[in-house]
Amino acid sequence: MTTSNQGKNLIKEAEGLRLEAYLCPANIPTIGWGHTKGVKMGQHITVQQAEDMLVDDIAPIERLLNGLKINFRQEQFDALVSWIFNFGEGKFKGSTLYKRIIANAKDEEITDQLVKWINAAGRPLLGLMKRRVAEANLFIGYERYKVNKDRIIKV
């Protein structure tokens, strides 16, 4: 499988496009739509370079998910690509989320894990809450979660 336009747009909306390097909330130099590898402060890129970086950044995530030999629906695949893009393959492989996925847990158990990851630099962020809700709802196929003030609730 590959990430659909819906999945790429989820990442783009959550990350926002920045053509000049900046420090993300976790204090990591970032550019484009959340690209971090080799970024130097002061660096500038074009929109096309940002597109290319996004494709390059999600390719190993797609290989990782395809290697699990699980028949994901497209929306599930897209939601997981977005989550892993944000938190990294290492954190994914060491997570309870990963354990639930490879154990073929129910979708509800998987989405309950997706929405737990809302902190950056040790504190919850509203932007991450919104992203996790979007990913979890996309994964499960209906509105199961929403952000209510400063927390995620089931609806």
# chains A, B, ... in the order shown; residues from 1 in each chain; ligands from 1
call {"tool": "closest_atom_pairs", "arguments": {"of": "range 32-145 of chain A", "to": "range 8-23 of chain A", "cutoff": "10 Å", "atoms": "only C-alpha atoms", "output": "JSON lines"}}
result
{"residue": "A:Gly32", "atom": "CA", "partner": "A:Arg18", "partner_atom": "CA", "distance": 4.9}
{"residue": "A:Trp33", "atom": "CA", "partner": "A:Leu17", "partner_atom": "CA", "distance": 4.9}
{"residue": "A:Gly34", "atom": "CA", "partner": "A:Glu15", "partner_atom": "CA", "distance": 5.5}
{"residue": "A:His35", "atom": "CA", "partner": "A:Glu15", "partner_atom": "CA", "distance": 9.2}
{"residue": "A:Thr36", "atom": "CA", "partner": "A:Ala21", "partner_atom": "CA", "distance": 9.2}
{"residue": "A:Val39", "atom": "CA", "partner": "A:Ala21", "partner_atom": "CA", "distance": 7.0}
{"residue": "A:Lys40", "atom": "CA", "partner": "A:Ala21", "partner_atom": "CA", "distance": 6.7}
{"residue": "A:Met41", "atom": "CA", "partner": "A:Ala21", "partner_atom": "CA", "distance": 5.2}
{"residue": "A:Gly42", "atom": "CA", "partner": "A:Ala21", "partner_atom": "CA", "distance": 5.8}
{"residue": "A:Gln43", "atom": "CA", "partner": "A:Ala21", "partner_atom": "CA", "distance": 5.3}
{"residue": "A:His44", "atom": "CA", "partner": "A:Glu20", "partner_atom": "CA", "distance": 4.5}
{"residue": "A:Ile45", "atom": "CA", "partner": "A:Leu19", "partner_atom": "CA", "distance": 5.2}
{"residue": "A:Thr46", "atom": "CA", "partner": "A:Leu19", "partner_atom": "CA", "distance": 6.3}
{"residue": "A:Val47", "atom": "CA", "partner": "A:Leu19", "partner_atom": "CA", "distance": 7.1}
{"residue": "A:Gln49", "atom": "CA", "partner": "A:Leu19", "partner_atom": "CA", "distance": 9.1}
{"residue": "A:Ala50", "atom": "CA", "partner": "A:Leu19", "partner_atom": "CA", "distance": 7.6}
{"residue": "A:Glu51", "atom": "CA", "partner": "A:Lys12", "partner_atom": "CA", "distance": 9.7}
{"residue": "A:Leu54", "atom": "CA", "partner": "A:Lys8", "partner_atom": "CA", "distance": 8.2}
{"residue": "A:Val55", "atom": "CA", "partner": "A:Lys8", "partner_atom": "CA", "distance": 8.8}
{"residue": "A:Ile58", "atom": "CA", "partner": "A:Lys8", "partner_atom": "CA", "distance": 9.0}
{"residue": "A:Asp78", "atom": "CA", "partner": "A:Lys8", "partner_atom": "CA", "distance": 7.7}
{"residue": "A:Ala79", "atom": "CA", "partner": "A:Leu10", "partner_atom": "CA", "distance": 8.2}
{"residue": "A:Val81", "atom": "CA", "partner": "A:Ile11", "partner_atom": "CA", "distance": 8.6}
{"residue": "A:Ser82", "atom": "CA", "partner": "A:Ile11", "partner_atom": "CA", "distance": 5.6}
{"residue": "A:Trp83", "atom": "CA", "partner": "A:Ile11", "partner_atom": "CA", "distance": 8.7}
{"residue": "A:Phe85", "atom": "CA", "partner": "A:Ile11", "partner_atom": "CA", "distance": 8.0}
{"residue": "A:Asn86", "atom": "CA", "partner": "A:Ile11", "partner_atom": "CA", "distance": 8.4}
{"residue": "A:Gly127", "atom": "CA", "partner": "A:Ala14", "partner_atom": "CA", "distance": 7.4}
{"residue": "A:Leu128", "atom": "CA", "partner": "A:Ala14", "partner_atom": "CA", "distance": 8.1}
{"residue": "A:Lys130", "atom": "CA", "partner": "A:Ala14", "partner_atom": "CA", "distance": 8.3}
{"residue": "A:Arg131", "atom": "CA", "partner": "A:Ala14", "partner_atom": "CA", "distance": 6.1}
{"residue": "A:Arg132", "atom": "CA", "partner": "A:Ala14", "partner_atom": "CA", "distance": 9.7}
{"residue": "A:Ala134", "atom": "CA", "partner": "A:Leu10", "partner_atom": "CA", "distance": 7.9}
{"residue": "A:Glu135", "atom": "CA", "partner": "A:Leu10", "partner_atom": "CA", "distance": 8.0}
{"residue": "A:Leu138", "atom": "CA", "partner": "A:Leu10", "partner_atom": "CA", "distance": 9.6}
call {"tool": "write_last_selection", "arguments": {"atoms": "C-alpha atoms", "output": "mmCIF file, in the first residue's frame"}}
result
data_model
loop_
_atom_site.group_PDB
_atom_site.id
_atom_site.type_symbol
_atom_site.label_atom_id
_atom_site.label_comp_id
_atom_site.auth_asym_id
_atom_site.auth_seq_id
_atom_site.Cartn_x
_atom_site.Cartn_y
_atom_site.Cartn_z
ATOM 1 C CA GLY A 32 8.494 21.798 4.802
ATOM 2 C CA TRP A 33 5.677 19.618 6.120
ATOM 3 C CA GLY A 34 7.461 18.366 9.219
ATOM 4 C CA HIS A 35 10.747 17.265 7.633
ATOM 5 C CA THR A 36 13.562 17.040 10.205
ATOM 6 C CA VAL A 39 17.625 20.409 8.558
ATOM 7 C CA LYS A 40 19.761 23.414 9.428
ATOM 8 C CA MET A 41 18.433 26.646 10.869
ATOM 9 C CA GLY A 42 18.370 29.324 8.183
ATOM 10 C CA GLN A 43 17.660 26.757 5.450
ATOM 11 C CA HIS A 44 15.080 27.668 2.750
ATOM 12 C CA ILE A 45 13.250 25.358 0.345
ATOM 13 C CA THR A 46 10.616 25.523 -2.396
ATOM 14 C CA VAL A 47 7.122 24.016 -2.295
ATOM 15 C CA GLN A 49 11.190 20.447 -2.409
ATOM 16 C CA ALA A 50 8.735 20.202 0.485
ATOM 17 C CA GLU A 51 6.578 17.812 -1.577
ATOM 18 C CA LEU A 54 7.280 14.447 2.319
ATOM 19 C CA VAL A 55 7.291 11.596 -0.214
ATOM 20 C CA ILE A 58 6.800 8.578 4.308
ATOM 21 C CA ASP A 78 -3.108 6.582 6.207
ATOM 22 C CA ALA A 79 -3.825 7.202 9.901
ATOM 23 C CA VAL A 81 1.474 6.739 8.443
ATOM 24 C CA SER A 82 0.519 10.131 9.904
ATOM 25 C CA TRP A 83 1.047 8.934 13.484
ATOM 26 C CA PHE A 85 5.513 10.337 10.687
ATOM 27 C CA ASN A 86 4.902 12.497 13.739
ATOM 28 C CA GLY A 127 -2.478 20.675 18.050
ATOM 29 C CA LEU A 128 -1.419 17.115 18.876
ATOM 30 C CA LYS A 130 -6.531 17.525 17.252
ATOM 31 C CA ARG A 131 -4.164 15.466 15.129
ATOM 32 C CA ARG A 132 -4.610 12.335 17.254
ATOM 33 C CA ALA A 134 -8.236 13.060 13.283
ATOM 34 C CA GLU A 135 -5.983 10.006 12.991
ATOM 35 C CA LEU A 138 -9.887 8.132 10.256
#
call {"tool": "select_by_dssp", "arguments": {"residues": "range 20-55 of chain A", "states": "alpha helix (DSSP H)", "output": "PyMOL selection string"}}
result
chain A and resi 47-55
call {"tool": "write_last_selection", "arguments": {"atoms": "C-alpha atoms", "output": "tab-separated table (two decimals), in the first residue's frame"}}
result
chain	number	residue	atom	x	y	z
A	47	VAL	CA	7.12	24.02	-2.30
A	48	GLN	CA	8.30	21.30	-4.71
A	49	GLN	CA	11.19	20.45	-2.41
A	50	ALA	CA	8.73	20.20	0.48
A	51	GLU	CA	6.58	17.81	-1.58
A	52	ASP	CA	9.62	15.69	-2.43
A	53	MET	CA	10.73	15.61	1.21
A	54	LEU	CA	7.28	14.45	2.32
A	55	VAL	CA	7.29	11.60	-0.21
call {"tool": "residues_around", "arguments": {"residues": "range 95-98 of chain A", "least_positions_apart": "2", "cutoff": "9 Å", "atoms": "only C-alpha atoms", "output": "PDB file with N, CA, C and O atoms, in the first residue's frame"}}
result
ATOM      1  N   GLY A  90      10.932   4.421  15.680  1.00  0.00           N
ATOM      2  CA  GLY A  90      11.433   3.849  16.928  1.00  0.00           C
ATOM      3  C   GLY A  90      10.389   3.871  18.026  1.00  0.00           C
ATOM      4  O   GLY A  90      10.173   2.861  18.710  1.00  0.00           O
ATOM      5  N   LYS A  91       9.743   5.010  18.210  1.00  0.00           N
ATOM      6  CA  LYS A  91       8.698   5.095  19.230  1.00  0.00           C
ATOM      7  C   LYS A  91       7.533   4.182  18.881  1.00  0.00           C
ATOM      8  O   LYS A  91       6.916   3.584  19.761  1.00  0.00           O
ATOM      9  N   PHE A  92       7.224   4.075  17.587  1.00  0.00           N
ATOM     10  CA  PHE A  92       6.140   3.187  17.166  1.00  0.00           C
ATOM     11  C   PHE A  92       6.468   1.740  17.525  1.00  0.00           C
ATOM     12  O   PHE A  92       5.662   1.045  18.149  1.00  0.00           O
ATOM     13  N   LYS A  93       7.660   1.280  17.161  1.00  0.00           N
ATOM     14  CA  LYS A  93       8.035  -0.119  17.402  1.00  0.00           C
ATOM     15  C   LYS A  93       8.089  -0.465  18.892  1.00  0.00           C
ATOM     16  O   LYS A  93       7.913  -1.621  19.259  1.00  0.00           O
ATOM     17  N   ARG A 100      -0.501  -3.772  20.000  1.00  0.00           N
ATOM     18  CA  ARG A 100      -1.922  -4.010  19.713  1.00  0.00           C
ATOM     19  C   ARG A 100      -2.130  -4.335  18.230  1.00  0.00           C
ATOM     20  O   ARG A 100      -2.897  -5.218  17.882  1.00  0.00           O
ATOM     21  N   ILE A 101      -1.434  -3.614  17.379  1.00  0.00           N
ATOM     22  CA  ILE A 101      -1.588  -3.826  15.938  1.00  0.00           C
ATOM     23  C   ILE A 101      -1.129  -5.228  15.549  1.00  0.00           C
ATOM     24  O   ILE A 101      -1.850  -5.943  14.854  1.00  0.00           O
ATOM     25  N   ILE A 102       0.061  -5.619  15.978  1.00  0.00           N
ATOM     26  CA  ILE A 102       0.566  -6.934  15.569  1.00  0.00           C
ATOM     27  C   ILE A 102      -0.196  -8.076  16.240  1.00  0.00           C
ATOM     28  O   ILE A 102      -0.175  -9.203  15.759  1.00  0.00           O
ATOM     29  N   ALA A 103      -0.898  -7.792  17.350  1.00  0.00           N
ATOM     30  CA  ALA A 103      -1.729  -8.805  18.006  1.00  0.00           C
ATOM     31  C   ALA A 103      -3.130  -8.859  17.389  1.00  0.00           C
ATOM     32  O   ALA A 103      -3.972  -9.606  17.860  1.00  0.00           O
ATOM     33  N   GLU A 109      -9.381  -0.756  20.443  1.00  0.00           N
ATOM     34  CA  GLU A 109      -8.182  -0.841  21.273  1.00  0.00           C
ATOM     35  C   GLU A 109      -7.017  -0.095  20.625  1.00  0.00           C
ATOM     36  O   GLU A 109      -6.216   0.538  21.315  1.00  0.00           O
ATOM     37  N   ILE A 110      -6.945  -0.178  19.315  1.00  0.00           N
ATOM     38  CA  ILE A 110      -5.881   0.521  18.589  1.00  0.00           C
ATOM     39  C   ILE A 110      -6.088   2.026  18.655  1.00  0.00           C
ATOM     40  O   ILE A 110      -5.157   2.778  18.954  1.00  0.00           O
ATOM     41  N   THR A 111      -7.303   2.479  18.422  1.00  0.00           N
ATOM     42  CA  THR A 111      -7.542   3.934  18.450  1.00  0.00           C
ATOM     43  C   THR A 111      -7.374   4.496  19.857  1.00  0.00           C
ATOM     44  O   THR A 111      -6.930   5.635  20.013  1.00  0.00           O
ATOM     45  N   ASP A 112      -7.707   3.701  20.883  1.00  0.00           N
ATOM     46  CA  ASP A 112      -7.469   4.176  22.251  1.00  0.00           C
ATOM     47  C   ASP A 112      -5.983   4.428  22.487  1.00  0.00           C
ATOM     48  O   ASP A 112      -5.611   5.319  23.262  1.00  0.00           O
ATOM     49  N   GLN A 113      -5.129   3.673  21.819  1.00  0.00           N
ATOM     50  CA  GLN A 113      -3.683   3.900  21.915  1.00  0.00           C
ATOM     51  C   GLN A 113      -3.258   5.114  21.086  1.00  0.00           C
ATOM     52  O   GLN A 113      -2.405   5.889  21.513  1.00  0.00           O
ATOM     53  N   LEU A 114      -3.839   5.266  19.913  1.00  0.00           N
ATOM     54  CA  LEU A 114      -3.481   6.400  19.048  1.00  0.00           C
ATOM     55  C   LEU A 114      -3.645   7.730  19.764  1.00  0.00           C
ATOM     56  O   LEU A 114      -2.803   8.625  19.636  1.00  0.00           O
TER      57      LEU A 114
END
call {"tool": "residues_around", "arguments": {"residues": "Lys69 in chain A", "least_positions_apart": "6", "cutoff": "12 Å", "atoms": "only C-alpha atoms", "output": "VMD selection string"}}
result
chain A and resid 1 62 to 63 77 101 to 102 104
call {"tool": "write_last_selection", "arguments": {"atoms": "N, CA and C atoms", "output": "short mmCIF file (atom, residue, chain, number, x, y, z; two decimals), in the first residue's frame"}}
result
data_model
loop_
_atom_site.label_atom_id
_atom_site.label_comp_id
_atom_site.auth_asym_id
_atom_site.auth_seq_id
_atom_site.Cartn_x
_atom_site.Cartn_y
_atom_site.Cartn_z
N MET A 1 0.84 -1.19 0.00
CA MET A 1 0.00 0.00 0.00
C MET A 1 0.88 1.25 0.00
N GLU A 62 5.83 3.55 4.99
CA GLU A 62 5.01 2.66 4.17
C GLU A 62 5.64 1.26 4.12
N ARG A 63 6.96 1.19 3.95
CA ARG A 63 7.64 -0.12 3.93
C ARG A 63 7.46 -0.84 5.26
N PHE A 77 -4.30 2.63 7.13
CA PHE A 77 -2.92 2.80 6.69
C PHE A 77 -2.53 4.27 6.75
N ILE A 101 -1.43 -3.61 17.38
CA ILE A 101 -1.59 -3.83 15.94
C ILE A 101 -1.13 -5.23 15.55
N ILE A 102 0.06 -5.62 15.98
CA ILE A 102 0.57 -6.93 15.57
C ILE A 102 -0.20 -8.08 16.24
N ASN A 104 -3.34 -8.05 16.35
CA ASN A 104 -4.64 -8.00 15.67
C ASN A 104 -5.77 -7.61 16.63
#
call {"tool": "residues_around", "arguments": {"residues": "Val115 in chain A", "least_positions_apart": "5", "cutoff": "8 Å", "atoms": "only C-alpha atoms", "output": "MDAnalysis selection string"}}
result
chainID A and resid 129 132:133 136 152
call {"tool": "write_last_selection", "arguments": {"atoms": "N, CA, C and O atoms", "output": "PDB file, in the first residue's frame"}}
result
ATOM      1  N   MET A 129      -3.499  16.999  20.124  1.00  0.00           N
ATOM      2  CA  MET A 129      -4.804  16.412  20.444  1.00  0.00           C
ATOM      3  C   MET A 129      -5.684  16.365  19.201  1.00  0.00           C
ATOM      4  O   MET A 129      -6.308  15.337  18.902  1.00  0.00           O
ATOM      5  N   ARG A 132      -4.313  13.693  16.803  1.00  0.00           N
ATOM      6  CA  ARG A 132      -4.610  12.335  17.254  1.00  0.00           C
ATOM      7  C   ARG A 132      -6.078  11.983  17.043  1.00  0.00           C
ATOM      8  O   ARG A 132      -6.410  10.868  16.638  1.00  0.00           O
ATOM      9  N   VAL A 133      -6.974  12.928  17.298  1.00  0.00           N
ATOM     10  CA  VAL A 133      -8.407  12.704  17.074  1.00  0.00           C
ATOM     11  C   VAL A 133      -8.668  12.453  15.591  1.00  0.00           C
ATOM     12  O   VAL A 133      -9.392  11.527  15.225  1.00  0.00           O
ATOM     13  N   ALA A 136      -7.260   8.934  14.753  1.00  0.00           N
ATOM     14  CA  ALA A 136      -8.059   7.856  15.337  1.00  0.00           C
ATOM     15  C   ALA A 136      -9.413   7.726  14.647  1.00  0.00           C
ATOM     16  O   ALA A 136      -9.864   6.612  14.346  1.00  0.00           O
ATOM     17  N   ILE A 152      -9.106  14.951  25.259  1.00  0.00           N
ATOM     18  CA  ILE A 152      -9.789  14.142  24.256  1.00  0.00           C
ATOM     19  C   ILE A 152     -10.851  13.317  24.952  1.00  0.00           C
ATOM     20  O   ILE A 152     -10.582  12.696  25.987  1.00  0.00           O
TER      21      ILE A 152
END
call {"tool": "select_by_dssp", "arguments": {"residues": "chain A", "states": "strand (DSSP E)", "output": "PyMOL selection string"}}
result
chain A and resi 18-23+29-32+119-120+123-124+145-148+151-154
